[in-house]
$ cat protein-v3.txt   # compact mmCIF, C-alpha atoms
# COMPACT_ATOMS: atom_id res chain seq x y z
CA MET A 1 276.31 346.62 82.04
CA PRO A 2 272.96 346.05 83.81
CA LYS A 3 272.89 343.96 86.98
CA THR A 4 270.54 341.49 85.25
CA ASP A 5 272.74 341.03 82.19
CA PRO A 6 273.56 337.30 81.74
CA ARG A 7 277.29 338.06 81.88
CA THR A 8 276.86 340.01 85.14
CA GLU A 9 274.74 337.19 86.58
CA ALA A 10 277.46 334.66 85.69
CA TYR A 11 280.38 336.50 87.26
CA GLY A 12 278.16 337.44 90.21
CA ASP A 13 277.56 333.74 90.85
CA VAL A 14 281.31 333.11 90.57
CA ASP A 15 281.91 335.85 93.14
CA GLU A 16 279.36 334.21 95.43
CA ALA A 17 281.14 330.86 94.98
CA ILE A 18 284.45 332.48 96.00
CA SER A 19 282.84 333.70 99.23
CA ALA A 20 281.14 330.35 99.92
CA LEU A 21 284.50 328.65 99.47
CA GLY A 22 286.00 331.12 101.94
CA ALA A 23 283.44 330.02 104.53
CA ALA A 24 284.28 326.38 103.81
CA ARG A 25 288.03 327.00 103.96
CA ALA A 26 287.63 328.63 107.39
CA LEU A 27 286.14 325.34 108.66
CA VAL A 28 288.54 322.88 107.00
CA GLY A 29 291.35 321.70 109.26
CA ASP A 30 293.36 319.63 106.77
CA ARG A 31 296.21 321.74 105.31
CA GLY A 32 296.14 319.99 101.93
CA ARG A 33 292.41 320.52 101.41
CA HIS A 34 292.74 324.06 102.75
CA ALA A 35 295.39 324.75 100.07
CA ILE A 36 293.20 323.27 97.31
CA ILE A 37 290.28 325.50 98.31
CA LEU A 38 292.50 328.59 98.43
CA ARG A 39 293.89 327.81 94.97
CA VAL A 40 290.36 327.28 93.62
CA GLN A 41 289.30 330.65 95.02
CA SER A 42 292.19 332.26 93.16
CA GLU A 43 291.28 330.41 89.96
CA LEU A 44 287.69 331.58 90.28
CA PHE A 45 288.91 335.18 90.27
CA THR A 46 290.41 334.36 86.87
CA VAL A 47 287.07 332.87 85.77
CA GLY A 48 285.24 335.98 86.95
CA ALA A 49 287.63 338.26 85.09
CA GLU A 50 287.05 336.32 81.89
CA LEU A 51 283.29 336.44 82.30
CA ALA A 52 283.39 340.18 83.00
CA THR A 53 285.49 340.87 79.89
CA ASP A 54 283.72 341.63 76.64
CA ALA A 55 284.91 339.65 73.60
CA ALA A 56 286.28 342.86 72.04
CA ASP A 57 288.62 343.31 75.03
CA TYR A 58 289.66 339.67 75.45
CA ALA A 59 293.05 340.04 73.73
CA THR A 60 293.93 342.80 76.18
CA LEU A 61 292.94 340.56 79.09
CA GLN A 62 295.18 337.79 77.73
CA ARG A 63 298.15 340.15 77.41
CA HIS A 64 297.95 341.43 80.96
CA PHE A 65 296.33 338.69 83.05
CA LYS A 66 296.09 334.96 83.45
CA VAL A 67 293.21 333.21 81.65
CA VAL A 68 291.64 329.80 82.23
CA THR A 69 293.61 327.06 80.49
CA ALA A 70 293.25 323.30 80.08
CA GLU A 71 295.75 322.98 82.94
CA PHE A 72 293.09 324.28 85.36
CA THR A 73 290.73 321.50 84.26
CA THR A 74 293.42 318.80 84.20
CA ARG A 75 294.49 319.69 87.75
CA CYS A 76 290.86 319.41 88.91
CA GLU A 77 290.52 316.00 87.28
CA GLN A 78 293.75 314.77 88.89
CA GLU A 79 292.59 315.95 92.31
CA ILE A 80 289.19 314.30 91.81
CA ALA A 81 290.91 311.00 90.95
CA ASP A 82 293.15 311.30 94.02
CA LEU A 83 290.17 311.96 96.30
CA GLU A 84 288.18 309.09 94.74
CA ARG A 85 290.99 306.72 95.79
CA ARG A 86 290.64 307.90 99.38
CA VAL A 87 286.90 307.73 99.94
CA THR A 88 284.18 305.21 99.15
CA LEU A 89 281.11 306.92 97.79
CA ALA A 90 277.60 305.88 98.75
CA ASP A 91 275.56 304.39 95.91
CA ALA A 92 272.69 306.83 96.51
CA PHE A 93 272.21 310.57 96.81
CA VAL A 94 274.23 312.03 99.68
CA ILE A 95 272.27 314.41 101.88
CA PRO A 96 274.55 317.35 102.79
CA GLY A 97 275.26 318.17 106.42
CA GLY A 98 277.46 315.36 107.72
CA THR A 99 279.99 317.83 109.10
CA GLN A 100 280.19 321.62 109.09
CA PRO A 101 283.09 321.78 106.60
CA ALA A 102 281.40 319.27 104.27
CA ALA A 103 278.12 321.17 104.43
CA ALA A 104 279.91 324.43 103.59
CA LEU A 105 281.63 322.73 100.65
CA ASP A 106 278.26 321.42 99.44
CA VAL A 107 276.83 324.95 99.54
CA ALA A 108 279.83 326.17 97.53
CA ARG A 109 279.28 323.31 95.05
CA ALA A 110 275.65 324.31 94.58
CA VAL A 111 276.68 327.91 93.90
CA VAL A 112 279.30 326.72 91.39
CA ARG A 113 276.62 324.64 89.64
CA ARG A 114 274.43 327.75 89.37
CA ALA A 115 277.37 329.67 87.90
CA GLU A 116 277.89 326.80 85.47
CA ARG A 117 274.28 327.04 84.28
CA ARG A 118 274.77 330.77 83.67
CA ILE A 119 278.02 330.08 81.79
CA VAL A 120 276.25 327.48 79.64
CA GLY A 121 273.78 330.22 78.71
CA LEU A 122 276.65 332.51 77.70
CA HIS A 123 278.19 329.70 75.67
CA GLN A 124 274.90 328.95 73.90
CA SER A 125 274.43 332.63 73.03
CA GLY A 126 277.97 332.88 71.64
CA SER A 127 279.08 335.22 74.44
CA LEU A 128 281.70 332.94 76.00
CA THR A 129 285.10 333.67 74.47
CA ASN A 130 287.02 330.84 76.17
CA PRO A 131 285.17 327.48 76.25
CA GLU A 132 287.73 326.15 78.74
CA VAL A 133 285.95 328.27 81.37
CA LEU A 134 282.88 326.04 81.04
CA ARG A 135 284.90 322.80 81.13
CA TYR A 136 286.77 323.98 84.23
CA VAL A 137 283.67 325.05 86.15
CA ASN A 138 281.97 321.75 85.28
CA ARG A 139 284.84 319.74 86.74
CA LEU A 140 285.18 322.11 89.69
CA SER A 141 281.73 321.22 91.03
CA ASP A 142 282.79 317.55 91.00
CA LEU A 143 285.98 318.43 92.86
CA LEU A 144 283.98 320.26 95.53
CA PHE A 145 281.65 317.25 95.88
CA MET A 146 284.65 314.98 96.46
CA LEU A 147 286.27 317.41 98.90
CA ALA A 148 283.03 317.42 100.90
CA ARG A 149 282.88 313.63 100.98
CA VAL A 150 286.52 313.37 102.09
CA GLU A 151 285.89 316.06 104.68
CA GLU A 152 283.09 313.89 106.11
CA GLY A 153 285.46 310.92 106.08
CA THR A 154 284.43 308.13 108.35
CA THR A 155 283.27 310.46 111.12
CA VAL A 156 279.67 310.08 110.04
CA LYS A 157 277.67 307.55 108.10
CA PRO A 158 276.40 309.54 105.12
CA LEU A 159 272.67 310.05 104.99
CA THR A 160 271.41 309.03 101.60
CA GLY A 161 268.20 309.60 99.75
CA ARG A 162 266.07 306.78 98.42
CA ARG A 163 263.95 306.48 95.36
CA ALA A 164 260.22 306.36 96.06
CA ALA A 165 258.95 302.82 95.55
CA ARG A 166 255.35 303.94 95.29
CA THR A 167 253.36 307.12 95.04
CA PRO A 168 253.13 308.70 98.50
CA ALA A 169 249.74 309.29 100.06
CA ALA A 170 248.10 312.62 99.31
CA PRO A 171 248.31 315.20 102.11
CA GLY A 172 245.26 315.41 104.35
CA GLY A 173 242.31 317.15 102.70
CA THR A 174 243.74 316.79 99.20
CA ARG A 175 242.02 314.51 96.73
CA ARG A 176 243.99 312.59 94.15
CA ALA A 177 243.37 313.29 90.49
CA PRO A 178 241.33 310.55 88.81
CA THR A 179 243.49 307.86 87.23
CA GLY A 180 240.99 306.09 85.04
CA ARG A 181 237.43 306.22 83.74
CA ARG A 182 234.74 307.29 86.14
CA ARG A 183 232.12 304.74 86.96
CA GLY A 184 228.70 306.01 86.29
$ encode --input "protein-v3.txt" --output "structure tokens"
Amino acid sequence: MPKTDPRTEAYGDVDEAISALGAARALVGDRGRHAIILRVQSELFTVGAELATDAADYATLQRHFKVVTAEFTTRCEQEIADLERRVTLADAFVIPGGTQPAAALDVARAVVRRAERRIVGLHQSGSLTNPEVLRYVNRLSDLLFMLARVEEGTTVKPLTGRRAARTPAAPGGTRRAPTGRRRG
């Protein structure tokens, strides 16, 4: 299969997410969160195997290996709910970088979101055999967001983005496009 094949791109992004999670796990001190990340890495190997398996060979994969099930997704949702009870979220965009472990988790989340976009493409083209893969990866990015916020805890006040109230001034030397009729 070519390196630029959509299936290869998808499982390549999953592989990258596994590595990004390894970097995050190396920074996380809490044993419970460490265990969650390690389990997720293992589950992502299952995701990658499914994405790398052609539909014609899927039954063989199922006979010999674990596949993504609704239990993966349900466990993610339960962990998200547990983490939501422990941390108050800001009511604006959170700017990553509050702590090193949280920043690493945010990078992993961004990679998982990219993998999700690739998996959506496979699903739309009819190339995704198990739709639970897409549901799981969607919930996983939310779990990683919550792990990052818990990892920041109360050690830092989260930096948040703001909506622009007005159009910012044009950079020096740049003229704005006309907004109305020209006066003659």
$ residues_around --input "protein-v3.txt" --residues "Val68 in chain A" --least-positions-apart "5" --cutoff "9 Å" --atoms "all atoms listed in the file" --output "number ranges by chain"
A: 43, 46-47, 50, 73, 130, 132-133, 136
$ closest_residue --input "protein-v3.txt" --among "A:Ile36, A:Ala90, A:Val28, A:Leu122" --to "Cys76 in chain A" --atoms "only C-alpha atoms"
A:Ile36
$ closest_residue --input "protein-v3.txt" --among "A:Gly12, A:Gly121, A:Pro101, A:Gly153" --to "Arg25 in chain A" --atoms "all atoms listed in the file"
A:Pro101
$ atom_distance --input "protein-v3.txt" --atom1 "CA of Gln41 in chain A" --atom2 "CA of Val14 in chain A"
9.5 Å
$ axis_aligned_box --input "protein-v3.txt" --around "range 83-95 of chain A" --padding-each-side "3 Å" --output "JSON"
{"center_x": 281.6, "center_y": 309.4, "center_z": 98.3, "size_x": 24.8, "size_y": 16.0, "size_z": 13.1}
$ closest_residue --input "protein-v3.txt" --among "A:Ala102, A:Ala70, A:Ala24, A:Ala17" --to "Leu44 in chain A" --atoms "all atoms listed in the file"
A:Ala17
$ atom_distance --input "protein-v3.txt" --atom1 "CA of Ala110 in chain A" --atom2 "CA of Phe65 in chain A"
27.7 Å
$ residues_around --input "protein-v3.txt" --residues "Ala23 in chain A" --least-positions-apart "5" --cutoff "9 Å" --atoms "all atoms listed in the file" --output "ChimeraX atom specification"
/A:18,101,104-105,108
$ closest_residue --input "protein-v3.txt" --among "A:Leu147, A:Ala20, A:Val137, A:Leu51" --to "Thr74 in chain A" --atoms "all atoms listed in the file"
A:Val137
$ residues_around --input "protein-v3.txt" --residues "Arg118 in chain A" --least-positions-apart "3" --cutoff "12 Å" --atoms "only C-alpha atoms" --output "PyMOL selection string"
chain A and resi 4-14+51+111-115+121-125+127-128+133-134+137-138
$ atom_distance --input "protein-v3.txt" --atom1 "CA of Ala148 in chain A" --atom2 "CA of Leu27 in chain A"
11.5 Å
$ closest_residue --input "protein-v3.txt" --among "A:Ala81, A:Ala56, A:Leu144, A:Ile95" --to "Thr129 in chain A" --atoms "all atoms listed in the file"
A:Ala56
$ residues_near_point --input "protein-v3.txt" --point "(291.8, 323.9, 94.4)" --cutoff "9 Å" --atoms "only C-alpha atoms" --output "list in words"
Arg33, His34, Ala35, Ile36, Ile37, Leu38, Arg39, Val40, Gln41, Ser42, Glu43, Arg75, Cys76, Glu79, Leu140, Leu143 and Leu144 of chain A
$ closest_residue --input "protein-v3.txt" --among "A:Leu89, A:Lys3, A:Glu77, A:Gly32" --to "Arg139 in chain A" --atoms "all atoms listed in the file"
A:Glu77
